[in-house]
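Enquirer: Structure file work05.txt, compact mmCIF, C-alpha atoms, is pasted below:
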```txt
# COMPACT_ATOMS: atom_id res chain seq x y z
CA MET A 1129 7.04 -13.97 -13.93
CA ARG A 1130 6.04 -17.19 -12.24
CA ARG A 1131 7.55 -19.20 -15.09
CA ARG A 1132 10.79 -17.24 -14.79
CA LEU A 1133 10.97 -17.87 -11.08
CA LEU A 1134 10.35 -21.57 -11.55
CA SER A 1135 12.88 -21.94 -14.36
CA SER A 1136 15.56 -19.93 -12.56
CA THR A 1137 15.02 -21.85 -9.33
CA LEU A 1138 15.16 -25.16 -11.19
CA VAL A 1139 18.38 -24.18 -12.97
CA VAL A 1140 19.99 -23.15 -9.68
CA ALA A 1141 18.85 -26.37 -8.01
CA VAL A 1142 20.17 -28.53 -10.88
CA ILE A 1143 23.54 -26.76 -10.79
CA ALA A 1144 23.74 -27.17 -7.02
CA VAL A 1145 22.82 -30.86 -7.23
CA LEU A 1146 25.40 -31.47 -9.96
CA LEU A 1147 28.10 -29.59 -8.10
CA LEU A 1148 27.41 -31.60 -4.97
CA GLY A 1149 26.12 -34.90 -6.35
CA VAL A 1150 28.79 -35.67 -8.95
CA PRO A 1151 31.79 -35.24 -6.59
CA LEU A 1152 29.86 -37.10 -3.89
CA GLY A 1153 29.22 -40.03 -6.26
CA VAL A 1154 32.89 -40.19 -7.25
CA VAL A 1155 34.04 -40.05 -3.65
CA VAL A 1156 31.52 -42.68 -2.49
CA SER A 1157 32.46 -45.10 -5.30
CA ARG A 1158 36.14 -44.77 -4.50
CA LEU A 1159 35.51 -45.21 -0.81
CA ILE A 1160 33.57 -48.42 -1.43
CA VAL A 1161 36.30 -49.84 -3.72
CA ASP A 1162 39.08 -48.82 -1.32
CA GLU A 1163 37.17 -50.24 1.64
CA ALA A 1164 36.67 -53.57 -0.18
CA ALA A 1165 40.39 -53.70 -1.09
CA GLN A 1166 41.44 -52.90 2.48
CA GLU A 1167 39.10 -55.58 3.82
CA LEU A 1168 40.50 -58.11 1.33
CA GLY A 1169 44.12 -57.18 2.26
CA ALA A 1170 43.35 -57.59 5.96
CA GLU A 1171 41.86 -61.03 5.27
CA ALA A 1172 45.03 -62.01 3.31
CA LYS A 1173 47.29 -60.98 6.21
CA ARG A 1174 45.13 -62.79 8.75
CA LEU A 1175 45.08 -65.91 6.57
CA VAL A 1176 48.90 -65.86 6.24
CA GLY A 1177 49.15 -65.80 10.03
CA GLU A 1178 46.77 -68.75 10.33
CA VAL A 1179 48.75 -70.78 7.75
CA GLU A 1180 52.02 -69.96 9.51
CA TYR A 1181 50.55 -71.02 12.84
CA ALA A 1182 49.29 -74.33 11.32
CA ARG A 1183 52.81 -75.07 9.98
CA VAL A 1184 54.35 -74.44 13.37
CA GLN A 1185 51.79 -76.73 14.97
CA GLU A 1186 52.28 -79.19 12.10
CA THR A 1187 48.53 -79.19 11.58
CA PRO A 1188 47.20 -79.69 8.05
CA LEU A 1189 44.95 -76.98 6.56
CA ASP A 1190 41.25 -77.76 6.35
CA PRO A 1191 39.83 -76.23 3.08
CA GLN A 1192 36.23 -76.66 4.25
CA GLN A 1193 36.90 -74.77 7.46
CA LEU A 1194 38.64 -71.98 5.54
CA GLU A 1195 35.74 -71.78 3.10
CA GLN A 1196 33.29 -71.40 5.97
CA LYS A 1197 35.46 -68.79 7.62
CA TYR A 1198 35.97 -66.79 4.40
CA PRO A 1199 32.74 -67.19 2.42
CA GLY A 1200 32.64 -65.82 -1.12
CA ARG A 1201 36.41 -65.82 -1.37
CA PHE A 1202 38.71 -67.64 -3.79
CA ILE A 1203 41.87 -68.51 -1.82
CA GLN A 1204 45.21 -69.86 -3.12
CA ILE A 1205 47.96 -70.89 -0.67
CA TRP A 1206 51.53 -71.83 -1.61
CA GLU A 1207 53.82 -73.40 0.99
CA ARG A 1208 57.52 -73.79 0.22
CA GLY A 1209 58.76 -77.29 0.55
CA THR A 1210 59.58 -80.43 -1.34
CA PRO A 1211 57.33 -80.88 -3.05
CA LEU A 1212 55.62 -77.43 -3.22
CA ARG A 1213 52.32 -77.61 -1.39
CA VAL A 1214 49.36 -75.75 -2.99
CA THR A 1215 45.97 -75.35 -1.33
CA VAL A 1216 42.94 -73.95 -3.16
CA VAL A 1217 39.77 -72.94 -1.30
CA GLY A 1218 36.52 -71.98 -3.04
CA ASP A 1219 35.70 -71.48 -6.69
CA PRO A 1220 36.82 -68.58 -8.89
CA PRO A 1221 34.06 -66.07 -9.76
CA PRO A 1222 32.23 -67.00 -12.95
CA SER A 1223 32.49 -63.46 -14.33
CA GLY A 1224 36.25 -63.58 -14.30
CA HIS A 1225 36.37 -60.07 -12.76
CA LEU A 1226 38.54 -60.48 -9.71
CA MET A 1227 39.67 -58.18 -6.94
CA THR A 1228 42.85 -59.71 -5.57
CA GLU A 1229 45.12 -59.07 -2.60
CA ASP A 1230 48.11 -61.19 -1.50
CA ALA A 1231 50.44 -61.60 1.46
CA GLN A 1232 53.56 -63.65 2.19
CA THR A 1233 56.02 -64.53 4.94
CA ASN A 1234 59.78 -65.04 5.07
CA THR A 1235 59.26 -68.74 5.71
CA GLY A 1236 57.89 -69.37 2.24
CA VAL A 1237 54.13 -68.99 2.73
CA TYR A 1238 52.35 -67.06 -0.01
CA VAL A 1239 48.59 -66.36 0.09
CA ARG A 1240 46.41 -64.84 -2.64
CA ILE A 1241 42.77 -64.10 -1.79
CA SER A 1242 40.28 -62.91 -4.38
CA ARG A 1243 36.60 -61.83 -4.52
CA ASP A 1244 34.11 -61.04 -7.26
CA ARG A 1245 34.57 -57.40 -8.41
CA ASP A 1246 30.99 -57.36 -9.73
CA GLN A 1247 29.69 -57.50 -6.13
CA VAL A 1248 31.72 -54.40 -5.26
CA GLU A 1249 30.50 -52.61 -8.38
CA GLN A 1250 26.93 -53.60 -7.53
CA ASP A 1251 27.37 -52.07 -4.11
CA VAL A 1252 28.74 -48.92 -5.79
CA ARG A 1253 25.75 -48.75 -8.13
CA ALA A 1254 23.37 -49.12 -5.20
CA ARG A 1255 25.00 -46.21 -3.40
CA LEU A 1256 25.02 -44.10 -6.55
CA LEU A 1257 21.34 -44.88 -7.11
CA LEU A 1258 20.64 -43.70 -3.57
CA ILE A 1259 22.52 -40.45 -4.30
CA VAL A 1260 20.53 -39.97 -7.51
CA ALA A 1261 17.27 -40.58 -5.63
CA LEU A 1262 18.25 -37.99 -3.03
CA ALA A 1263 19.18 -35.54 -5.80
CA VAL A 1264 15.80 -36.03 -7.45
CA ALA A 1265 14.09 -35.55 -4.09
CA ALA A 1266 16.10 -32.35 -3.57
CA LEU A 1267 15.04 -31.11 -7.01
CA ALA A 1268 11.41 -31.91 -6.22
CA VAL A 1269 11.64 -30.02 -2.93
CA ALA A 1270 13.31 -27.09 -4.71
CA VAL A 1271 10.56 -27.00 -7.35
CA SER A 1272 7.88 -27.16 -4.66
CA LEU A 1273 9.47 -24.33 -2.75
CA ALA A 1274 9.83 -22.38 -6.00
CA VAL A 1275 6.12 -22.85 -6.73
CA VAL A 1276 5.18 -21.69 -3.23
CA GLN A 1277 7.55 -18.73 -3.37
CA SER A 1278 6.44 -17.75 -6.86
CA ARG A 1279 2.80 -17.79 -5.74
CA ARG A 1280 3.74 -15.74 -2.69
CA LEU A 1281 5.42 -13.16 -4.92
CA THR A 1282 3.18 -13.15 -7.99
CA LEU A 1283 -0.20 -13.13 -6.25
CA PRO A 1284 0.61 -9.91 -4.33
CA LEU A 1285 1.94 -8.37 -7.54
CA GLN A 1286 -1.28 -9.30 -9.34
CA ASP A 1287 -3.24 -7.80 -6.45
CA LEU A 1288 -1.15 -4.62 -6.63
CA ALA A 1289 -1.78 -4.46 -10.38
CA LYS A 1290 -5.53 -4.71 -9.76
CA ILE A 1291 -5.31 -1.97 -7.12
CA ALA A 1292 -3.37 0.28 -9.52
CA ASP A 1293 -5.89 -0.44 -12.31
CA ARG A 1294 -8.78 0.33 -9.96
CA LEU A 1295 -7.00 3.52 -8.90
CA GLY A 1296 -6.65 4.55 -12.53
CA SER A 1297 -10.33 3.92 -13.18
CA GLY A 1298 -11.31 6.39 -10.45
CA ASP A 1299 -11.95 4.05 -7.52
CA ALA A 1300 -9.65 5.75 -4.99
CA ARG A 1301 -10.41 3.61 -1.95
CA PRO A 1302 -7.27 2.53 -0.03
CA SER A 1303 -6.98 -1.26 -0.01
CA LYS A 1304 -4.91 -1.57 3.20
CA HIS A 1305 -3.64 -4.96 1.94
CA ARG A 1306 -0.32 -6.15 3.38
CA TYR A 1307 1.58 -9.23 2.22
CA GLY A 1308 4.36 -9.83 4.75
CA ILE A 1309 7.02 -8.88 2.18
CA PRO A 1310 8.67 -5.55 3.10
CA GLU A 1311 9.23 -4.39 -0.49
CA LEU A 1312 5.67 -5.21 -1.59
CA ASP A 1313 4.25 -3.74 1.61
CA ARG A 1314 6.04 -0.47 0.85
CA VAL A 1315 4.52 -0.46 -2.64
CA ALA A 1316 1.08 -1.12 -1.13
CA GLN A 1317 1.57 1.74 1.35
CA VAL A 1318 2.56 4.10 -1.46
CA LEU A 1319 -0.54 3.07 -3.45
CA ASP A 1320 -2.73 3.60 -0.37
CA ARG A 1321 -1.26 7.07 0.17
CA SER A 1322 -1.79 7.85 -3.52
CA ALA A 1323 -5.37 6.59 -3.29
CA THR A 1324 -5.97 8.84 -0.28
CA ARG A 1325 -4.52 11.85 -2.08
CA ILE A 1326 -6.54 11.13 -5.24
CA SER A 1327 -9.68 10.65 -3.15
CA ASP A 1328 -9.06 13.99 -1.46
CA LEU A 1329 -8.50 15.66 -4.83
CA LEU A 1330 -11.69 14.17 -6.25
CA THR A 1331 -13.61 15.19 -3.15
CA ARG A 1332 -12.28 18.74 -3.38
CA GLU A 1333 -13.15 18.89 -7.07
CA ARG A 1334 -16.70 17.72 -6.41
CA GLU A 1335 -17.04 20.18 -3.53
CA PHE A 1336 -15.65 22.97 -5.69
CA ALA A 1337 -18.17 22.20 -8.43
CA THR A 1338 -21.00 22.13 -5.87
CA ASP A 1339 -19.80 25.32 -4.18
CA ALA A 1340 -19.39 27.08 -7.52
CA SER A 1341 -22.88 26.16 -8.66
CA HIS A 1342 -24.33 27.36 -5.34
CA GLN A 1343 -22.36 30.60 -5.17
CA LEU A 1344 -22.98 31.53 -8.80
CA ARG A 1345 -26.70 31.04 -8.49
CA THR A 1346 -27.30 34.25 -6.49
CA PRO A 1347 -25.42 36.63 -8.87
CA LEU A 1348 -27.08 34.98 -11.84
CA THR A 1349 -30.48 35.42 -10.21
CA GLY A 1350 -29.76 39.10 -9.58
CA LEU A 1351 -28.55 39.56 -13.14
CA THR A 1352 -31.72 37.91 -14.46
CA MET A 1353 -33.85 40.22 -12.33
CA ARG A 1354 -32.06 43.28 -13.72
CA LEU A 1355 -32.52 42.11 -17.27
CA GLU A 1356 -36.22 41.48 -16.62
CA GLU A 1357 -36.49 45.04 -15.27
CA ILE A 1358 -34.83 46.35 -18.44
CA VAL A 1359 -37.27 44.43 -20.62
CA ALA A 1360 -40.25 45.61 -18.56
CA ALA A 1361 -39.12 49.28 -18.67
CA SER A 1362 -38.03 49.36 -22.29
CA SER A 1363 -40.12 52.51 -22.88
CA GLU A 1364 -38.37 54.42 -20.08
CA PRO A 1365 -34.74 55.22 -21.04
CA GLU A 1366 -33.76 56.41 -17.58
CA VAL A 1367 -34.95 53.19 -15.97
CA VAL A 1368 -33.26 51.15 -18.68
CA ARG A 1369 -29.99 53.00 -18.10
CA GLU A 1370 -30.23 52.53 -14.34
CA GLU A 1371 -31.08 48.85 -14.58
CA GLY A 1372 -28.39 48.37 -17.24
CA GLU A 1373 -25.77 49.81 -14.91
CA ALA A 1374 -27.02 47.52 -12.15
CA ALA A 1375 -26.80 44.55 -14.55
CA ILE A 1376 -23.19 45.49 -15.31
CA VAL A 1377 -22.51 45.58 -11.55
CA GLN A 1378 -24.08 42.13 -11.27
CA ALA A 1379 -21.92 40.82 -14.11
CA GLU A 1380 -18.81 42.24 -12.41
CA ARG A 1381 -19.91 40.63 -9.16
CA LEU A 1382 -20.34 37.34 -10.99
CA THR A 1383 -16.76 37.64 -12.24
CA ALA A 1384 -15.60 38.45 -8.70
CA VAL A 1385 -17.42 35.38 -7.37
CA ILE A 1386 -15.62 33.19 -9.90
CA ASP A 1387 -12.28 34.73 -8.90
CA GLU A 1388 -13.08 34.18 -5.24
CA LEU A 1389 -13.94 30.53 -5.83
CA LEU A 1390 -10.75 29.93 -7.77
CA ALA A 1391 -8.69 31.69 -5.10
CA ALA A 1392 -10.35 29.63 -2.38
CA ALA A 1393 -9.58 26.46 -4.35
CA ARG A 1394 -5.91 27.48 -4.40
CA ARG A 1395 -5.95 28.44 -0.70
CA GLN A 1396 -4.92 32.03 -1.47
CA ARG A 1397 -7.81 33.97 0.11
CA HIS A 1398 -6.31 34.59 3.54
CA ALA A 1399 -3.28 36.29 2.00
CA GLN A 1400 -5.63 38.59 0.02
CA ALA A 1401 -7.52 40.00 3.03
CA GLU A 1402 -7.33 43.81 3.16
CA PRO A 1403 -9.14 46.68 4.86
CA VAL A 1404 -12.71 46.76 3.53
CA ALA A 1405 -15.37 49.44 4.10
CA ILE A 1406 -18.20 47.47 5.69
CA ASP A 1407 -20.89 50.02 4.72
CA GLU A 1408 -20.09 49.84 1.01
CA VAL A 1409 -20.48 46.06 0.87
CA LEU A 1410 -23.66 46.08 2.99
CA VAL A 1411 -25.29 48.88 0.99
CA GLN A 1412 -24.48 47.04 -2.25
CA GLN A 1413 -26.01 43.80 -0.96
CA ILE A 1414 -29.12 45.51 0.47
CA THR A 1415 -29.61 47.36 -2.82
CA GLU A 1416 -29.48 44.09 -4.73
CA TRP A 1417 -31.72 42.12 -2.36
CA GLU A 1418 -34.24 44.81 -1.42
CA PRO A 1419 -36.41 44.30 -4.55
CA VAL A 1420 -36.63 40.56 -3.87
CA PHE A 1421 -37.68 41.12 -0.26
CA ARG A 1422 -40.16 43.80 -1.38
CA ASP A 1423 -41.75 41.36 -3.83
CA ALA A 1424 -42.05 38.86 -0.97
CA GLY A 1425 -43.82 41.49 1.18
CA ARG A 1426 -40.89 41.84 3.57
CA THR A 1427 -38.50 44.65 4.51
CA LEU A 1428 -34.71 44.81 4.62
CA GLN A 1429 -32.97 47.47 6.70
CA LEU A 1430 -29.47 48.46 7.84
CA GLU A 1431 -28.75 49.63 11.40
CA GLY A 1432 -25.79 50.15 13.72
CA SER A 1433 -22.47 51.93 13.55
CA ARG A 1434 -21.35 53.51 10.32
CA GLY A 1435 -17.90 54.00 8.82
CA LEU A 1436 -16.45 50.69 10.10
CA LYS A 1437 -13.55 48.96 8.39
CA ALA A 1438 -12.44 45.34 8.81
CA MET A 1439 -9.93 42.90 7.34
CA ALA A 1440 -11.69 40.88 4.61
CA THR A 1441 -12.05 40.51 0.88
CA THR A 1442 -14.84 42.44 -0.78
CA GLY A 1443 -16.07 39.45 -2.75
CA GLY A 1444 -15.82 36.99 0.13
CA PHE A 1445 -17.57 39.25 2.65
CA GLY A 1446 -20.24 40.10 0.08
CA GLN A 1447 -20.89 36.40 -0.56
CA VAL A 1448 -21.26 35.74 3.18
CA ILE A 1449 -23.86 38.56 3.49
CA ALA A 1450 -25.64 37.33 0.33
CA SER A 1451 -25.81 33.79 1.70
CA LEU A 1452 -27.26 35.02 5.02
CA LEU A 1453 -29.84 37.20 3.25
CA GLU A 1454 -30.82 34.35 0.92
CA ASN A 1455 -31.09 32.01 3.92
CA SER A 1456 -33.35 34.51 5.71
CA LEU A 1457 -35.48 34.95 2.59
CA ARG A 1458 -35.98 31.21 2.17
CA HIS A 1459 -36.34 30.06 5.77
CA GLY A 1460 -37.05 33.19 7.84
CA GLY A 1461 -39.91 35.63 8.10
CA GLY A 1462 -40.78 39.26 8.76
CA ALA A 1463 -38.34 42.13 8.60
CA VAL A 1464 -34.63 41.42 8.17
CA THR A 1465 -32.22 43.69 10.02
CA VAL A 1466 -28.50 43.96 9.33
CA THR A 1467 -26.73 45.49 12.34
CA THR A 1468 -23.08 46.55 12.55
CA THR A 1469 -21.20 47.08 15.81
CA SER A 1470 -17.58 47.49 16.81
CA GLY A 1471 -16.15 45.53 19.75
CA ASP A 1472 -12.73 45.44 21.40
CA ASN A 1473 -11.37 42.76 19.09
CA TYR A 1474 -13.81 42.42 16.21
CA VAL A 1475 -16.20 44.22 13.93
CA VAL A 1476 -19.51 42.37 14.25
CA VAL A 1477 -22.17 42.23 11.54
CA GLU A 1478 -25.47 40.60 12.61
CA VAL A 1479 -28.21 39.43 10.27
CA ALA A 1480 -31.52 38.76 12.06
CA ASP A 1481 -35.13 38.21 11.00
CA GLU A 1482 -38.49 37.72 12.74
CA GLY A 1483 -39.17 34.16 11.59
CA PRO A 1484 -39.72 30.97 13.63
CA GLY A 1485 -36.00 30.42 14.01
CA ILE A 1486 -33.93 27.24 13.81
CA ALA A 1487 -35.08 23.89 15.20
CA ASP A 1488 -33.15 22.62 18.21
CA GLU A 1489 -32.26 19.32 16.55
CA ILE A 1490 -30.37 20.96 13.66
CA ALA A 1491 -29.01 24.05 15.43
CA PRO A 1492 -25.77 22.35 16.66
CA LYS A 1493 -24.95 21.21 13.12
CA ILE A 1494 -26.41 24.10 11.12
CA PHE A 1495 -23.04 24.82 9.52
CA ASP A 1496 -22.42 21.20 8.46
CA ARG A 1497 -22.52 20.38 4.78
CA ASN A 1498 -25.87 19.12 3.43
CA VAL A 1499 -27.75 20.16 6.60
CA SER A 1500 -30.86 22.19 5.80
CA GLY A 1501 -33.93 23.20 7.76
CA GLY A 1502 -36.38 23.10 4.88
CA GLY A 1503 -35.72 22.01 1.32
CA GLY A 1504 -32.45 23.86 0.75
CA THR A 1505 -29.17 22.49 -0.57
CA GLY A 1506 -27.48 22.61 2.83
CA LEU A 1507 -24.45 24.37 1.34
CA GLY A 1508 -25.07 28.10 1.84
CA LEU A 1509 -24.12 28.39 5.51
CA THR A 1510 -21.26 25.92 5.11
CA LEU A 1511 -19.73 28.00 2.33
CA ALA A 1512 -20.44 31.25 4.18
CA ARG A 1513 -18.55 30.01 7.27
CA ALA A 1514 -15.66 28.79 5.09
CA LEU A 1515 -15.45 32.17 3.33
CA ALA A 1516 -15.50 34.04 6.65
CA ALA A 1517 -12.77 31.82 8.06
CA ALA A 1518 -10.69 32.29 4.90
CA ASP A 1519 -10.76 36.07 5.57
CA GLY A 1520 -9.56 35.51 9.13
CA GLY A 1521 -12.99 35.90 10.72
CA ARG A 1522 -15.77 33.60 11.79
CA LEU A 1523 -19.51 33.11 11.32
CA GLU A 1524 -21.64 32.01 14.28
CA LEU A 1525 -25.27 31.38 15.13
CA VAL A 1526 -25.74 33.67 18.14
CA ARG A 1527 -29.49 33.19 18.64
CA ARG A 1528 -31.80 30.40 17.54
CA ARG A 1529 -35.21 32.12 17.85
CA PRO A 1530 -35.51 34.34 15.99
CA ALA A 1531 -32.49 33.28 13.96
CA THR A 1532 -29.57 35.67 14.29
CA PHE A 1533 -26.21 35.11 12.61
CA ALA A 1534 -23.11 37.17 13.42
CA ILE A 1535 -19.96 37.69 11.36
CA PHE A 1536 -16.84 38.51 13.39
CA LEU A 1537 -14.10 40.29 11.41
CA ARG A 1538 -10.77 41.68 12.55
CA HIS A 1539 -10.36 45.42 12.85
CA ALA A 1540 -8.48 46.89 9.92
CA GLU A 1541 -5.98 48.64 12.23
CA ASP A 1542 -5.31 45.35 14.11
CA ASP A 1543 -4.13 43.37 11.10
CA GLY A 1544 -0.71 42.81 12.64
CA ARG A 1545 -1.97 41.60 16.01
CA ASP A 1546 -2.19 37.90 16.93
CA ASN A 1547 -5.95 37.40 17.15
CA ARG A 1548 -7.06 33.82 17.55
CA VAL A 1549 -10.02 32.87 15.39
CA VAL A 1550 -12.08 29.94 16.57
CA SER A 1551 -14.28 28.31 13.95
CA GLY A 1552 -16.95 25.92 15.11
CA PRO A 1553 -20.50 25.58 16.32
CA ALA A 1554 -21.83 28.26 18.64
```
Please re-express this file's structure in structure tokens.

Expert:
Amino acid sequence: MRRRLLSSTLVVAVIAVLLLGVPLGVVVSRLIVDEAAQELGAEAKRLVGEVEYARVQETPLDPQQLEQKYPGRFIQIWERGTPLRVTVVGDPPPSGHLMTEDAQTNTGVYVRISRDRDQVEQDVRARLLLIVALAVAALAVAVSLAVVQSRRLTLPLQDLAKIADRLGSGDARPSKHRYGIPELDRVAQVLDRSATRISDLLTREREFATDASHQLRTPLTGLTMRLEEIVAASSEPEVVREEGEAAIVQAERLTAVIDELLAAARRQRHAQAEPVAIDEVLVQQITEWEPVFRDAGRTLQLEGSRGLKAMATTGGFGQVIASLLENSLRHGGGAVTVTTTSGDNYVVVEVADEGPGIADEIAPKIFDRNVSGGGGTGLGLTLARALAAADGGRLELVRRRPATFAIFLRHAEDDGRDNRVVSGPA
């Protein structure tokens, strides 16, 4: 591209110089020749007047004086009379190329004055050489400007190409480079916006993969436990049948978790919220987690109001409860109590244990991603809050010691009301 810019600029400059320089050279050469001829004609007329004045005064012409007065001129003067008087001043040019002008009077005086044409042509060549030098200088300036302009255009384009290549290789950092050229700046802005969008997409994909791995772990663990129970009770058909049915439920829950994750990735969860029987979801989760708590020497119990319904999704609400129970199992202690109550605006589900609680330094940011109180992934509570918010509710830490988390869900009969949901730290 740089070569094209240079060649095109040079061609334009050459055409401009030719269009201006050639007519200028012709005009200048004619002006010099015409000026020399006019000067020679004026000298001839002045000399005729001097000769006429000398005749009136009856003063003889002095050739030496005329030669001093008109240097570089070859002068011939004819005066009518008997005999004819001829006066010659100076020597004819050796080249033989003469520029001649003449003048005469009615009294019989005729003057012819000549000069060397080669001197005029030399003056013309000097002026033409000056024009050529200026044309060359103009071409040099044009080429220099073309080089500067081509660098100004090509270097940003090369930089944009590097940015696009880096963007294609997965480095989606915005460059924020600007070049002072509106068109290129617009391209750079578009690339920066594309880089931001790609970066967001990559971030969401990574978060989705992390969230999926975290959310699928609990159903897979439950399914593994059921299969282990089946293997251990292989001699008891009734137990095998019961555990097999529970394993099927776990597999269905695993499928539901996958559907929930995909729906959350497409931002469709809020539109899927529907009246959900709170007791059914809680009983299912307590049934699944009770053996794990029993093996850990702890108890899991359900208290509070029964028969409550709230706006949620079965899978999403179940995952929030599972995350809170898993969090209590890992970081809490003692008995875990799940309590349900009904307020004026929300159905509240609290999950509390008897452990040491949450440290003051991490309590304000307990729902932030990658924040954990003791060896966890730091994703469970973050995902639980996101799932609750996607159902139109919220998840809050209502007490630090012992740790008590509360889920606020909209009443099923108040689905059409404008309830504001505030999501953030307690």

Enquirer: Please provide the set of residues having any atom within 9 Å of Ile1203 in chain A, restricted to all atoms listed in the file, with same-chain residues fewer than 2 positions apart removed, written as a list of chain:residue names.

Expert: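 My list of contacting residues is A:Ala1172, A:Leu1194, A:Glu1195, A:Tyr1198, A:Arg1201, A:Ile1205, A:Thr1215, A:Val1216, A:Val1217, A:Gly1218, A:Asp1219, A:Pro1220, A:Val1239, A:Arg1240, A:Ile1241, A:Ser1242, A:Arg1243.
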
Enquirer: Go through A:Ala1405, A:Leu1319, A:Leu1283, A:Ala1141 and flag the residue nearest Ala1265 in chain A, using only C-alpha atoms for the distances.

Expert: A:Ala1141

Enquirer: Considering only C-alpha atoms, tabulate each residue of range 1406-1452 of chain A that lies at most 12 Å from range 1538-1542 of chain A along with its nearest interatomic pair and the corresponding distance in Å to one decimal; arrange the rows by chain and ascending residue number and present them as CSV.

Expert:
```
residue,atom,partner,partner_atom,distance
A:Ile1406,CA,A:Ala1540,CA,10.6
A:Gly1435,CA,A:Ala1540,CA,11.9
A:Leu1436,CA,A:His1539,CA,8.5
A:Lys1437,CA,A:Ala1540,CA,5.7
A:Ala1438,CA,A:Ala1540,CA,4.4
A:Met1439,CA,A:Ala1540,CA,5.0
A:Ala1440,CA,A:Arg1538,CA,8.0
A:Thr1441,CA,A:Ala1540,CA,11.6
```

Enquirer: As a list in words, please: the residues near Leu1509 in chain A (cut-off 9 Å, all atoms listed in the file, same-chain neighbours under 3 positions excluded).

Expert: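 With the cut-off at 9 Å, the set is Val1448, Ser1451, Leu1452, Asn1455, Ile1494, Phe1495, Asp1496, Arg1497, Gly1506, Ala1512, Arg1513, Ala1514 and Leu1523 of chain A.
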
Enquirer: For Ile1414 in chain A, work out the shell of residues within 12 Å, counting only C-alpha atoms and skipping chain neighbours fewer than 4 positions away, then give it as a VMD selection string.

Expert: chain A and resid 1350 1407 to 1410 1418 to 1422 1427 to 1431 1446 1449 to 1450 1452 to 1454 1464 to 1466 1479

Enquirer: Which distance in Å separates CA of Leu1273 in chain A and CA of Leu1146 in chain A, to one decimal?

Expert: 18.9 Å

Enquirer: For the point (55.9, -69.1, 0.9) in the file's frame, write as a PyMOL selection string all residues with an atom no more than 12 Å away, counting all atoms listed in the file.

Expert: chain A and resi 1176-1177+1179-1180+1183+1204-1209+1212-1215+1230-1240

Enquirer: Quick one: pull the distance between CA of Lys1304 in chain A and CA of Leu1134 in chain A, Å, one decimal.

Expert: 29.2 Å

Enquirer: Provide the CA of Arg1527 in chain A to CA of Glu1416 in chain A distance in Å, to one decimal place.

Expert: 25.8 Å

Enquirer: Rank nothing, just name the residue among A:Gly1471, A:Pro1310, A:Pro1530, A:Gly1521 nearest to Ala1401 in chain A, using all atoms listed in the file.

Expert: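 Of the candidates, the smallest distance to Ala1401 in chain A is held by A:Gly1521.
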
Enquirer: Nearest to Glu1489 in chain A among A:Gln1286, A:Gly1462, A:Leu1152, A:Arg1528, with distances taken over all atoms listed in the file: which residue is it?

Expert: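 That would be A:Arg1528, the residue with the smallest distance to Glu1489 in chain A.
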
Enquirer: Point out the residue among A:Leu1382, A:Ala1300, A:Leu1312, A:Ala1518 with the least atom-to-atom distance to Asp1328 in chain A, counting only C-alpha atoms.

Expert: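 For Asp1328 in chain A, the nearest of the given residues is A:Ala1300.
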
Enquirer: Gly1432 in chain A: which residues within 9 Å, counting only C-alpha atoms, same-chain residues fewer than 5 positions away excluded, as a ChimeraX atom specification?

Expert: /A:1466-1469,1477
